[in-house]
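Colleague: Dropping in data_35.cif, which is mmCIF, C-alpha atoms:
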data_my_file
loop_
_atom_site.group_PDB
_atom_site.id
_atom_site.type_symbol
_atom_site.label_atom_id
_atom_site.label_comp_id
_atom_site.auth_asym_id
_atom_site.auth_seq_id
_atom_site.Cartn_x
_atom_site.Cartn_y
_atom_site.Cartn_z
ATOM 1 C CA MET A 1204 148.944 58.294 97.594
ATOM 2 C CA THR A 1205 151.557 57.511 94.963
ATOM 3 C CA PHE A 1206 152.755 59.214 91.807
ATOM 4 C CA LYS A 1207 151.371 56.292 89.814
ATOM 5 C CA LEU A 1208 147.910 56.719 91.343
ATOM 6 C CA VAL A 1209 147.860 60.475 90.714
ATOM 7 C CA CYS A 1210 149.010 59.989 87.113
ATOM 8 C CA THR A 1211 146.435 57.279 86.479
ATOM 9 C CA ALA A 1212 143.556 59.288 87.955
ATOM 10 C CA SER A 1213 144.639 62.415 86.106
ATOM 11 C CA ALA A 1214 144.866 60.465 82.850
ATOM 12 C CA VAL A 1215 141.379 58.998 83.229
ATOM 13 C CA VAL A 1216 139.815 62.383 83.997
ATOM 14 C CA SER A 1217 141.783 64.232 81.300
ATOM 15 C CA ILE A 1218 141.056 61.697 78.576
ATOM 16 C CA ALA A 1219 137.358 61.463 79.496
ATOM 17 C CA PHE A 1220 136.873 65.247 79.438
ATOM 18 C CA GLY A 1221 139.076 65.528 76.357
ATOM 19 C CA ILE A 1222 137.029 63.058 74.376
ATOM 20 C CA ALA A 1223 133.803 64.765 75.467
ATOM 21 C CA PHE A 1224 135.142 68.165 74.368
ATOM 22 C CA VAL A 1225 136.221 66.771 70.987
ATOM 23 C CA VAL A 1226 133.169 64.684 70.078
ATOM 24 C CA ALA A 1227 130.366 66.414 72.017
ATOM 25 C CA ALA A 1228 131.592 69.924 72.779
ATOM 26 C CA GLU A 1229 128.225 71.681 72.774
ATOM 27 C CA PRO A 1230 126.427 69.345 75.193
ATOM 28 C CA ALA A 1231 129.532 69.067 77.391
ATOM 29 C CA MET A 1232 129.885 72.833 77.664
ATOM 30 C CA ALA A 1233 126.126 73.349 78.073
ATOM 31 C CA MET A 1234 126.371 71.639 81.472
ATOM 32 C CA TYR A 1235 128.653 74.467 82.659
ATOM 33 C CA THR A 1236 126.783 77.347 81.002
ATOM 34 C CA PRO A 1237 124.613 79.552 83.229
ATOM 35 C CA GLU A 1238 120.903 79.401 82.487
ATOM 36 C CA GLY A 1239 119.900 81.862 79.792
ATOM 37 C CA ALA A 1240 123.439 82.294 78.473
ATOM 38 C CA PRO A 1241 124.039 81.784 74.745
ATOM 39 C CA GLY A 1242 125.580 78.546 73.486
ATOM 40 C CA LEU A 1243 128.971 78.169 71.869
ATOM 41 C CA THR A 1244 129.876 80.268 68.857
ATOM 42 C CA SER A 1245 131.826 78.614 66.057
ATOM 43 C CA GLY A 1246 135.012 80.041 67.601
ATOM 44 C CA GLY A 1247 134.026 78.755 71.039
ATOM 45 C CA LEU A 1248 133.359 75.339 69.544
ATOM 46 C CA LEU A 1249 136.814 75.296 67.971
ATOM 47 C CA ILE A 1250 138.509 76.362 71.224
ATOM 48 C CA THR A 1251 136.579 73.668 73.129
ATOM 49 C CA ASN A 1252 137.676 71.049 70.567
ATOM 50 C CA LEU A 1253 141.297 72.234 70.858
ATOM 51 C CA LEU A 1254 141.075 72.064 74.665
ATOM 52 C CA GLY A 1255 139.779 68.519 74.299
ATOM 53 C CA ALA A 1256 142.714 67.572 72.095
ATOM 54 C CA ALA A 1257 145.138 69.075 74.627
ATOM 55 C CA LEU A 1258 143.462 67.194 77.485
ATOM 56 C CA VAL A 1259 143.757 63.890 75.622
ATOM 57 C CA GLY A 1260 147.446 64.627 75.024
ATOM 58 C CA LEU A 1261 148.021 65.462 78.698
ATOM 59 C CA GLY A 1262 146.213 62.262 79.661
ATOM 60 C CA VAL A 1263 148.534 60.240 77.443
ATOM 61 C CA ILE A 1264 151.560 61.964 79.011
ATOM 62 C CA ALA A 1265 150.255 61.099 82.479
ATOM 63 C CA LEU A 1266 149.693 57.464 81.467
ATOM 64 C CA GLN A 1267 153.170 57.187 79.996
ATOM 65 C CA ALA A 1268 154.801 58.883 83.012
ATOM 66 C CA ARG A 1269 153.043 56.899 85.719
ATOM 67 C CA ASP A 1270 155.759 54.231 85.939
ATOM 68 C CA ALA A 1271 158.661 56.654 85.655
ATOM 69 C CA ALA A 1272 161.374 56.242 88.256
ATOM 70 C CA ASP A 1273 162.236 59.234 90.389
ATOM 71 C CA SER A 1274 164.281 61.492 88.118
ATOM 72 C CA VAL A 1275 164.691 65.032 86.897
ATOM 73 C CA ALA A 1276 162.316 64.208 84.033
ATOM 74 C CA ARG A 1277 159.623 62.859 86.374
ATOM 75 C CA ARG A 1278 159.890 65.956 88.566
ATOM 76 C CA ALA A 1279 159.664 68.164 85.457
ATOM 77 C CA ILE A 1280 156.494 66.375 84.340
ATOM 78 C CA ALA A 1281 155.026 66.738 87.836
ATOM 79 C CA MET A 1282 155.923 70.440 87.937
ATOM 80 C CA GLY A 1283 154.173 70.960 84.614
ATOM 81 C CA PHE A 1284 151.036 69.323 85.976
ATOM 82 C CA VAL A 1285 151.239 71.327 89.234
ATOM 83 C CA VAL A 1286 151.559 74.642 87.379
ATOM 84 C CA GLY A 1287 148.901 73.811 84.787
ATOM 85 C CA ASN A 1288 146.363 72.546 87.317
ATOM 86 C CA THR A 1289 146.975 75.472 89.676
ATOM 87 C CA ILE A 1290 146.428 78.038 86.920
ATOM 88 C CA ALA A 1291 143.329 76.159 85.743
ATOM 89 C CA ALA A 1292 141.902 76.105 89.289
ATOM 90 C CA VAL A 1293 142.351 79.881 89.622
ATOM 91 C CA LEU A 1294 140.801 80.499 86.195
ATOM 92 C CA ALA A 1295 137.878 78.215 87.033
ATOM 93 C CA VAL A 1296 137.206 80.189 90.236
ATOM 94 C CA LEU A 1297 137.318 83.428 88.245
ATOM 95 C CA GLY A 1298 134.887 81.947 85.732
ATOM 96 C CA ILE A 1299 132.430 81.028 88.457
ATOM 97 C CA THR A 1300 132.678 84.317 90.345
ATOM 98 C CA SER A 1301 132.271 86.331 87.132
ATOM 99 C CA GLY A 1302 129.144 84.399 86.128
ATOM 100 C CA ALA A 1303 130.734 82.820 83.056
ATOM 101 C CA THR A 1304 130.226 79.346 84.525
ATOM 102 C CA ASN A 1305 127.471 77.919 86.697
ATOM 103 C CA ALA A 1306 127.942 76.171 90.050
ATOM 104 C CA LEU A 1307 129.040 72.938 88.330
ATOM 105 C CA GLY A 1308 132.300 74.771 87.714
ATOM 106 C CA TRP A 1309 133.197 74.113 91.361
ATOM 107 C CA SER A 1310 133.678 70.443 90.427
ATOM 108 C CA SER A 1311 136.380 71.569 87.999
ATOM 109 C CA VAL A 1312 137.996 73.693 90.700
ATOM 110 C CA ALA A 1313 138.055 70.659 92.988
ATOM 111 C CA LEU A 1314 139.577 68.382 90.340
ATOM 112 C CA TYR A 1315 142.248 70.901 89.365
ATOM 113 C CA ALA A 1316 143.129 71.537 93.024
ATOM 114 C CA ILE A 1317 143.271 67.825 93.875
ATOM 115 C CA PHE A 1318 145.578 67.119 90.950
ATOM 116 C CA ALA A 1319 147.788 70.143 91.664
ATOM 117 C CA VAL A 1320 148.275 69.013 95.265
ATOM 118 C CA GLY A 1321 148.591 65.353 94.278
ATOM 119 C CA PHE A 1322 151.331 66.002 91.735
ATOM 120 C CA ALA A 1323 153.104 68.356 94.157
ATOM 121 C CA MET A 1324 153.047 65.794 96.978
ATOM 122 C CA THR A 1325 154.027 62.747 94.940
ATOM 123 C CA GLY A 1326 156.065 64.061 92.051
ATOM 124 C CA LEU A 1327 158.212 66.973 93.177
ATOM 125 C CA ALA A 1328 160.137 65.550 96.114
ATOM 126 C CA LYS A 1329 162.734 62.825 95.679
ATOM 127 C CA SER A 1330 161.068 59.563 96.625
ATOM 128 C CA SER A 1331 161.503 55.829 96.528
ATOM 129 C CA ASP A 1332 158.331 54.914 94.549
#
Would you mind writing the file's structure down as structure tokens?

Modeller:
Amino acid sequence: MTFKLVCTASAVVSIAFGIAFVVAAEPAMAMYTPEGAPGLTSGGLLITNLLGAALVGLGVIALQARDAADSVARRAIAMGFVVGNTIAAVLAVLGITSGATNALGWSSVALYAIFAVGFAMTGLAKSSD
């Protein structure tokens, strides 16, 4: 596994989810909503759209950083992705265990955890790639 591979995979996932949350927030979020729970409010729709915009931005950062040589800047980018993905994984688990999200939320936990570990392994230590 290389930093370039982790960045590329993260970018693809982030941009895909980001676009879905911007252009089709209600159907995208409905997949994660427990049966019988209400849909998005106007505020929830806005927050989902804003999350989508942030995910697209993070995807672009990952794409732009994927060819970065080992440097303080590359390690800083990796650390940001490690911290962000770790917090998101914990929040996703809390969402599932509280009933706010259905079992599909475990796929988000897995993605966040994979990217947190991937960025930690490939982006934090000094390397030759």

Colleague: Got a sec to resolve the PyMOL selection byres ((chain A and resi 1235-1238) around 8) on this structure and send the residues as a list of chain:residue names?

Modeller: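 For this structure, the PyMOL selection byres ((chain A and resi 1235-1238) around 8) resolves to A:Ala1231, A:Met1232, A:Ala1233, A:Met1234, A:Gly1239, A:Ala1240, A:Gly1242, A:Gly1302, A:Ala1303, A:Thr1304, A:Asn1305, A:Ala1306, A:Leu1307, A:Gly1308.
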
Colleague: Using only C-alpha atoms, I'd like a table of the residues in range 1207-1240 of chain A that come within 7 Å of range 1269-1278 of chain A; for each, show the closest atom pair and its distance in Å rounded to one decimal, ordered by chain and ascending number, as a tab-separated table.

Modeller:
residue	atom	partner	partner_atom	distance
A:Lys1207	CA	A:Arg1269	CA	4.5
A:Cys1210	CA	A:Arg1269	CA	5.3
A:Thr1211	CA	A:Arg1269	CA	6.7

Colleague: Using CA of Ser1310 in chain A and CA of Leu1327 in chain A as the two end points, give the distance in Å to one decimal.

Modeller: 24.9 Å

Colleague: List the residues selected by the PyMOL selection byres ((chain A and resi 1263) around 12) in the file shown, writing them as an NGL selection string.

Modeller: :A and (1210-1219 or 1221 or 1256-1262 or 1264-1269)

Colleague: Please measure the separation of CA of Met1324 in chain A and CA of Ile1222 in chain A, giving the value in Å to one decimal.

Modeller: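 Taking CA of Met1324 in chain A as the start and CA of Ile1222 in chain A as the end point, the length is 27.8 Å.
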
Colleague: Quick one: everything within 10 Å of Ser1311 in chain A, counting all atoms listed in the file, minus sequence neighbours fewer than 6 positions away in the same chain. Send it as a ChimeraX atom specification.

Modeller: /A:1235,1291-1292,1295-1296,1317

Colleague: State, in Å with one decimal place, the distance from CA of Thr1300 in chain A to CA of Ala1313 in chain A.

Modeller: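 Those two atoms sit 14.9 Å apart.
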
Colleague: Starting from the shown file, work through the PyMOL selection byres ((chain A and resi 1326) around 6) and note down what comes out as number ranges by chain.

Modeller: A: 1206, 1278, 1281, 1322-1323, 1325, 1327-1328

Colleague: If you count only C-alpha atoms, which residues fall within 7 Å of Phe1224 in chain A, apart from same-chain ones fewer than 5 positions away, as a ChimeraX atom specification?

Modeller: /A:1231,1251-1252,1255

Colleague: Could you tell me which of A:Leu1253, A:Lys1329, A:Asn1288, A:Trp1309 comes closest to Ala1228 in chain A if we count all atoms listed in the file?

Modeller: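 Checking each candidate against Ala1228 in chain A, we get A:Leu1253 as the closest.
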
Colleague: Can you pull out the residues contacting Met1204 in chain A? Cut-off 8 Å, using only C-alpha atoms, and skip same-chain residues under 3 positions away; I want them as a list in words.

Modeller: Leu1208, Val1209, Gly1321 and Thr1325 of chain A

Colleague: Could you work out an axis-aligned bounding box for all listed atoms of range 1216-1231 of chain A, with 6 Å added on each of the six sides, and give its centre and edge lengths in Å to one decimal, as JSON?

Modeller:
{"center_x": 134.1, "center_y": 66.6, "center_z": 77.0, "size_x": 27.4, "size_y": 22.2, "size_z": 25.9}
